[in-house]
Amino acid sequence: MRIVIAGGHGQIALRLERLLAKRGDEVAGIIRRTEQAGDVLAAGAEPVVCDLESASVEDLARHLEGADAAVFAAGAGPGSGIARKDTVDRGAAALFADAAEAAGVRRFLLISAMGADREPPEGTDPVFAAYLKAKGAADADVRARAGLDWTILRPGLLTDEPGTSLVALADATGRGAVPRDDVAAALVELLDEPGTIGRTLELIGGEVPVAEAVRAVARR
């Protein structure tokens, strides 16, 4: 397959690029800065410089032409403020979905966050609350698109521990942590599983091999 990943220099995206390239897929990683290109190349992907906060739908759609799937893995990052939570975590996700539809790319994976569909608890840090609201708005936008075969993945607390390839994947898992390695592995399996289209799934560390967990969810 040809797969285009928005946020191609992100920690999950780089892991995903390595996995996809290793199995022989053609991968493009959309990045904001040219100095990120070397890391994307090293992961086995083609770096594509395109600022998701300023690009037009037409510009972005050109990079998606001929793709079999699109993955939104971009984020404003921990050092950003409230404004960029909206322009990246919500706005860029909507732009990427617009571009996928314009390019005729139906399969669409969106990395979201646990708690994105609930009002943040009282006392939540304002920037984190803005992040959750932006993710929730992005999820709602994608769910409303009949032109996309979407799957939304909501990982638990992300860690840099080595992946175990053992997870819990369900409509609701409860809180928990999950290595970024295992999030990337789950995305690979989700790309190939049409039974997860139209599903919003939570992912944490667990006891079931990743591929088996995805197949089990697809059967439900």
# chains A, B, ... in the order shown; residues from 1 in each chain; ligands from 1
$ closest_atom_pairs --of "stretch 67-135 of chain A" --to "stretch 47-55 of chain A" --cutoff "10 Å" --atoms "only C-alpha atoms" --output "tab-separated table"
residue	atom	partner	partner_atom	distance
A:Ala74	CA	A:Leu52	CA	9.0
A:Arg84	CA	A:Glu53	CA	9.0
A:Thr87	CA	A:Glu53	CA	6.4
A:Val88	CA	A:Glu53	CA	6.5
A:Gly91	CA	A:Glu53	CA	7.5
A:Ala92	CA	A:Leu52	CA	5.5
A:Ala93	CA	A:Leu52	CA	8.6
A:Leu95	CA	A:Leu52	CA	7.5
A:Phe96	CA	A:Leu52	CA	7.9
$ residues_around --residues "A:Pro194" --least-positions-apart "6" --cutoff "12 Å" --atoms "only C-alpha atoms" --output "ChimeraX atom specification"
/A:69,106-109,149-151,214-215,217-219
$ write_last_selection --atoms "all heavy atoms" --output "short mmCIF file (atom, residue, chain, number, x, y, z; two decimals), in the first residue's frame"
data_model
loop_
_atom_site.label_atom_id
_atom_site.label_comp_id
_atom_site.auth_asym_id
_atom_site.auth_seq_id
_atom_site.Cartn_x
_atom_site.Cartn_y
_atom_site.Cartn_z
N ALA A 69 -4.25 4.85 1.94
CA ALA A 69 -4.69 5.15 3.30
C ALA A 69 -3.99 6.41 3.79
O ALA A 69 -2.90 6.76 3.32
CB ALA A 69 -4.40 3.98 4.24
N ARG A 106 -10.06 6.80 0.90
CA ARG A 106 -11.14 6.50 1.84
C ARG A 106 -10.63 6.05 3.21
O ARG A 106 -11.17 6.45 4.24
CB ARG A 106 -12.07 5.43 1.27
CG ARG A 106 -12.91 5.91 0.09
CD ARG A 106 -14.11 4.98 -0.12
NE ARG A 106 -14.99 4.95 1.03
CZ ARG A 106 -16.03 5.75 1.20
NH1 ARG A 106 -16.34 6.64 0.29
NH2 ARG A 106 -16.79 5.64 2.28
N ARG A 107 -9.61 5.18 3.24
CA ARG A 107 -9.18 4.64 4.54
C ARG A 107 -8.45 5.71 5.33
O ARG A 107 -7.46 6.29 4.86
CB ARG A 107 -8.27 3.42 4.33
CG ARG A 107 -8.00 2.64 5.63
CD ARG A 107 -9.26 1.95 6.11
NE ARG A 107 -9.00 1.11 7.28
CZ ARG A 107 -9.48 1.39 8.49
NH1 ARG A 107 -10.20 2.48 8.69
NH2 ARG A 107 -9.25 0.57 9.50
N PHE A 108 -8.93 5.98 6.54
CA PHE A 108 -8.46 7.12 7.30
C PHE A 108 -8.36 6.73 8.78
O PHE A 108 -9.37 6.36 9.38
CB PHE A 108 -9.41 8.30 7.13
CG PHE A 108 -8.91 9.62 7.63
CD1 PHE A 108 -8.26 10.50 6.79
CD2 PHE A 108 -9.10 10.00 8.96
CE1 PHE A 108 -7.80 11.73 7.23
CE2 PHE A 108 -8.65 11.21 9.42
CZ PHE A 108 -7.99 12.08 8.56
N LEU A 109 -7.16 6.79 9.33
CA LEU A 109 -6.95 6.52 10.75
C LEU A 109 -6.61 7.82 11.47
O LEU A 109 -5.80 8.61 10.98
CB LEU A 109 -5.81 5.51 10.95
CG LEU A 109 -6.21 4.04 11.03
CD1 LEU A 109 -6.98 3.60 9.80
CD2 LEU A 109 -4.99 3.16 11.24
N ASP A 149 -13.59 5.96 5.25
CA ASP A 149 -13.68 4.71 6.02
C ASP A 149 -12.76 4.87 7.23
O ASP A 149 -11.60 4.46 7.22
CB ASP A 149 -13.25 3.52 5.16
CG ASP A 149 -14.21 3.27 4.02
OD1 ASP A 149 -15.40 3.61 4.15
OD2 ASP A 149 -13.76 2.74 2.98
N TRP A 150 -13.27 5.50 8.27
CA TRP A 150 -12.43 5.95 9.37
C TRP A 150 -12.38 4.97 10.53
O TRP A 150 -13.32 4.21 10.77
CB TRP A 150 -12.90 7.32 9.88
CG TRP A 150 -14.34 7.37 10.30
CD1 TRP A 150 -15.41 7.76 9.53
CD2 TRP A 150 -14.89 6.99 11.57
NE1 TRP A 150 -16.58 7.65 10.25
CE2 TRP A 150 -16.29 7.20 11.50
CE3 TRP A 150 -14.34 6.52 12.76
CZ2 TRP A 150 -17.13 6.93 12.58
CZ3 TRP A 150 -15.17 6.24 13.84
CH2 TRP A 150 -16.56 6.45 13.74
N THR A 151 -11.26 5.01 11.23
CA THR A 151 -11.10 4.37 12.53
C THR A 151 -10.39 5.37 13.43
O THR A 151 -9.39 5.98 13.03
CB THR A 151 -10.27 3.08 12.45
OG1 THR A 151 -10.88 2.17 11.54
CG2 THR A 151 -10.14 2.43 13.82
N VAL A 214 -6.86 -6.88 17.47
CA VAL A 214 -7.54 -6.17 16.38
C VAL A 214 -8.57 -7.08 15.72
O VAL A 214 -9.70 -6.67 15.42
CB VAL A 214 -6.52 -5.63 15.36
CG1 VAL A 214 -7.22 -5.11 14.11
CG2 VAL A 214 -5.67 -4.53 16.00
N ARG A 215 -8.20 -8.34 15.49
CA ARG A 215 -9.15 -9.28 14.86
C ARG A 215 -10.37 -9.49 15.76
O ARG A 215 -11.50 -9.59 15.27
CB ARG A 215 -8.46 -10.61 14.58
CG ARG A 215 -7.47 -10.56 13.42
CD ARG A 215 -7.11 -11.96 12.95
NE ARG A 215 -6.48 -12.75 14.01
CZ ARG A 215 -5.18 -12.81 14.23
NH1 ARG A 215 -4.34 -12.11 13.46
NH2 ARG A 215 -4.69 -13.57 15.19
N VAL A 217 -11.68 -7.40 17.96
CA VAL A 217 -12.54 -6.21 17.92
C VAL A 217 -13.34 -6.19 16.61
O VAL A 217 -14.52 -5.83 16.59
CB VAL A 217 -11.67 -4.94 18.06
CG1 VAL A 217 -12.43 -3.71 17.57
CG2 VAL A 217 -11.25 -4.75 19.50
N ALA A 218 -12.69 -6.56 15.52
CA ALA A 218 -13.36 -6.53 14.22
C ALA A 218 -14.53 -7.50 14.16
O ALA A 218 -15.49 -7.28 13.40
CB ALA A 218 -12.36 -6.86 13.12
N ARG A 219 -14.49 -8.56 14.94
CA ARG A 219 -15.56 -9.55 14.93
C ARG A 219 -16.76 -9.09 15.75
O ARG A 219 -17.84 -9.68 15.65
CB ARG A 219 -15.05 -10.90 15.46
CG ARG A 219 -14.08 -11.59 14.52
CD ARG A 219 -13.90 -13.05 14.94
NE ARG A 219 -13.25 -13.17 16.25
CZ ARG A 219 -11.95 -13.33 16.42
NH1 ARG A 219 -11.13 -13.34 15.39
NH2 ARG A 219 -11.44 -13.46 17.63
#
$ closest_residue --among "A:Gly174, A:Leu187, A:Asp59, A:Tyr131" --to "A:Gly79" --atoms "only C-alpha atoms"
A:Tyr131
$ residues_around --residues "A:Pro162" --least-positions-apart "5" --cutoff "9 Å" --atoms "only C-alpha atoms" --output "NGL selection string"
:A and (179-182)
$ write_last_selection --atoms "N, CA and C atoms" --output "PDB file, in the first residue's frame"
ATOM      1  N   PRO A 179       2.953   1.475  25.580  1.00  0.00           N
ATOM      2  CA  PRO A 179       4.152   1.940  24.878  1.00  0.00           C
ATOM      3  C   PRO A 179       3.815   2.445  23.477  1.00  0.00           C
ATOM      4  N   ARG A 180       4.535   3.469  23.058  1.00  0.00           N
ATOM      5  CA  ARG A 180       4.336   3.984  21.698  1.00  0.00           C
ATOM      6  C   ARG A 180       4.601   2.901  20.655  1.00  0.00           C
ATOM      7  N   ASP A 181       5.537   1.994  20.946  1.00  0.00           N
ATOM      8  CA  ASP A 181       5.798   0.881  20.030  1.00  0.00           C
ATOM      9  C   ASP A 181       4.519   0.105  19.739  1.00  0.00           C
ATOM     10  N   ASP A 182       3.738  -0.145  20.784  1.00  0.00           N
ATOM     11  CA  ASP A 182       2.531  -0.958  20.615  1.00  0.00           C
ATOM     12  C   ASP A 182       1.402  -0.171  19.953  1.00  0.00           C
TER      13      ASP A 182
END
$ residues_around --residues "A:Val210" --least-positions-apart "6" --cutoff "12 Å" --atoms "only C-alpha atoms" --output "mmCIF file with N, CA and C atoms, in the first residue's frame"
data_model
loop_
_atom_site.group_PDB
_atom_site.id
_atom_site.type_symbol
_atom_site.label_atom_id
_atom_site.label_comp_id
_atom_site.auth_asym_id
_atom_site.auth_seq_id
_atom_site.Cartn_x
_atom_site.Cartn_y
_atom_site.Cartn_z
ATOM 1 N N GLY A 163 8.034 -1.950 23.445
ATOM 2 C CA GLY A 163 6.733 -2.575 23.247
ATOM 3 C C GLY A 163 6.726 -4.022 23.695
ATOM 4 N N THR A 164 5.587 -4.465 24.173
ATOM 5 C CA THR A 164 5.422 -5.861 24.580
ATOM 6 C C THR A 164 4.636 -6.653 23.542
ATOM 7 N N SER A 165 3.977 -5.939 22.618
ATOM 8 C CA SER A 165 3.063 -6.536 21.622
ATOM 9 C C SER A 165 1.850 -7.171 22.280
ATOM 10 N N LEU A 166 1.581 -6.813 23.538
ATOM 11 C CA LEU A 166 0.417 -7.310 24.265
ATOM 12 C C LEU A 166 -0.420 -6.111 24.695
ATOM 13 N N VAL A 167 -1.692 -6.101 24.310
ATOM 14 C CA VAL A 167 -2.528 -4.925 24.525
ATOM 15 C C VAL A 167 -3.938 -5.313 24.949
ATOM 16 N N ALA A 168 -4.672 -4.305 25.366
ATOM 17 C CA ALA A 168 -6.127 -4.391 25.506
ATOM 18 C C ALA A 168 -6.708 -3.366 24.556
ATOM 19 N N LEU A 169 -7.604 -3.790 23.678
ATOM 20 C CA LEU A 169 -8.213 -2.935 22.667
ATOM 21 C C LEU A 169 -9.714 -3.156 22.707
ATOM 22 N N ALA A 170 -10.456 -2.069 22.908
ATOM 23 C CA ALA A 170 -11.911 -2.200 23.023
ATOM 24 C C ALA A 170 -12.552 -0.833 22.867
ATOM 25 N N VAL A 178 0.415 2.643 27.723
ATOM 26 C CA VAL A 178 0.731 1.811 26.565
ATOM 27 C C VAL A 178 1.999 2.349 25.910
ATOM 28 N N ASP A 181 5.537 1.994 20.946
ATOM 29 C CA ASP A 181 5.798 0.881 20.030
ATOM 30 C C ASP A 181 4.519 0.105 19.739
ATOM 31 N N ASP A 182 3.738 -0.145 20.784
ATOM 32 C CA ASP A 182 2.531 -0.958 20.615
ATOM 33 C C ASP A 182 1.402 -0.171 19.953
ATOM 34 N N VAL A 183 1.385 1.152 20.125
ATOM 35 C CA VAL A 183 0.418 1.971 19.398
ATOM 36 C C VAL A 183 0.691 1.882 17.898
ATOM 37 N N ALA A 184 1.967 2.004 17.528
ATOM 38 C CA ALA A 184 2.329 1.902 16.108
ATOM 39 C C ALA A 184 1.964 0.534 15.550
ATOM 40 N N ALA A 185 2.233 -0.515 16.317
ATOM 41 C CA ALA A 185 1.899 -1.872 15.858
ATOM 42 C C ALA A 185 0.395 -2.033 15.676
ATOM 43 N N ALA A 186 -0.387 -1.439 16.567
ATOM 44 C CA ALA A 186 -1.842 -1.516 16.440
ATOM 45 C C ALA A 186 -2.331 -0.774 15.201
ATOM 46 N N LEU A 187 -1.718 0.353 14.893
ATOM 47 C CA LEU A 187 -2.115 1.105 13.703
ATOM 48 C C LEU A 187 -1.880 0.292 12.434
ATOM 49 N N VAL A 188 -0.765 -0.433 12.384
ATOM 50 C CA VAL A 188 -0.491 -1.281 11.219
ATOM 51 C C VAL A 188 -1.612 -2.295 11.039
ATOM 52 N N GLU A 189 -1.995 -2.945 12.123
ATOM 53 C CA GLU A 189 -3.048 -3.954 12.034
ATOM 54 C C GLU A 189 -4.402 -3.335 11.690
ATOM 55 N N LEU A 190 -4.691 -2.169 12.238
ATOM 56 C CA LEU A 190 -5.961 -1.502 11.956
ATOM 57 C C LEU A 190 -6.079 -1.108 10.488
ATOM 58 N N LEU A 203 -6.952 1.928 23.582
ATOM 59 C CA LEU A 203 -5.821 0.996 23.578
ATOM 60 C C LEU A 203 -4.951 1.243 24.798
ATOM 61 N N ILE A 204 -4.705 0.191 25.558
ATOM 62 C CA ILE A 204 -3.746 0.224 26.669
ATOM 63 C C ILE A 204 -2.965 -1.082 26.658
ATOM 64 N N ALA A 216 -10.143 -9.565 17.068
ATOM 65 C CA ALA A 216 -11.248 -9.791 17.990
ATOM 66 C C ALA A 216 -12.214 -8.609 17.984
ATOM 67 N N VAL A 217 -11.684 -7.403 17.965
ATOM 68 C CA VAL A 217 -12.537 -6.215 17.915
ATOM 69 C C VAL A 217 -13.338 -6.186 16.615
#
$ residues_around --residues "A:Ser80" --least-positions-apart "5" --cutoff "12 Å" --atoms "only C-alpha atoms" --output "PDB file with N, CA and C atoms, in the first residue's frame"
ATOM      1  N   GLY A  75       0.307  16.510  16.032  1.00  0.00           N
ATOM      2  CA  GLY A  75      -0.126  17.139  17.277  1.00  0.00           C
ATOM      3  C   GLY A  75       0.696  18.382  17.528  1.00  0.00           C
ATOM      4  N   LYS A  85      -3.410  24.085  20.055  1.00  0.00           N
ATOM      5  CA  LYS A  85      -4.197  22.865  20.238  1.00  0.00           C
ATOM      6  C   LYS A  85      -5.374  22.867  19.258  1.00  0.00           C
ATOM      7  N   ASP A  86      -5.939  24.046  19.039  1.00  0.00           N
ATOM      8  CA  ASP A  86      -7.053  24.138  18.104  1.00  0.00           C
ATOM      9  C   ASP A  86      -6.575  24.076  16.657  1.00  0.00           C
ATOM     10  N   THR A  87      -5.519  24.814  16.312  1.00  0.00           N
ATOM     11  CA  THR A  87      -5.114  24.873  14.903  1.00  0.00           C
ATOM     12  C   THR A  87      -4.504  23.565  14.421  1.00  0.00           C
ATOM     13  N   VAL A  88      -3.869  22.805  15.313  1.00  0.00           N
ATOM     14  CA  VAL A  88      -3.246  21.544  14.890  1.00  0.00           C
ATOM     15  C   VAL A  88      -4.134  20.347  15.230  1.00  0.00           C
ATOM     16  N   ASP A  89      -4.412  20.152  16.508  1.00  0.00           N
ATOM     17  CA  ASP A  89      -5.118  18.933  16.923  1.00  0.00           C
ATOM     18  C   ASP A  89      -6.545  18.866  16.386  1.00  0.00           C
ATOM     19  N   PRO A 126      -5.667  24.181  31.970  1.00  0.00           N
ATOM     20  CA  PRO A 126      -6.382  24.770  30.827  1.00  0.00           C
ATOM     21  C   PRO A 126      -5.828  24.327  29.464  1.00  0.00           C
ATOM     22  N   VAL A 127      -4.516  24.175  29.353  1.00  0.00           N
ATOM     23  CA  VAL A 127      -3.945  23.761  28.069  1.00  0.00           C
ATOM     24  C   VAL A 127      -4.326  22.315  27.766  1.00  0.00           C
ATOM     25  N   PHE A 128      -4.286  21.458  28.783  1.00  0.00           N
ATOM     26  CA  PHE A 128      -4.666  20.058  28.561  1.00  0.00           C
ATOM     27  C   PHE A 128      -6.164  19.964  28.265  1.00  0.00           C
ATOM     28  N   ALA A 130      -7.894  22.206  26.718  1.00  0.00           N
ATOM     29  CA  ALA A 130      -8.038  22.639  25.325  1.00  0.00           C
ATOM     30  C   ALA A 130      -7.627  21.530  24.368  1.00  0.00           C
ATOM     31  N   TYR A 131      -6.610  20.778  24.750  1.00  0.00           N
ATOM     32  CA  TYR A 131      -6.158  19.637  23.936  1.00  0.00           C
ATOM     33  C   TYR A 131      -7.266  18.592  23.820  1.00  0.00           C
TER      34      TYR A 131
END
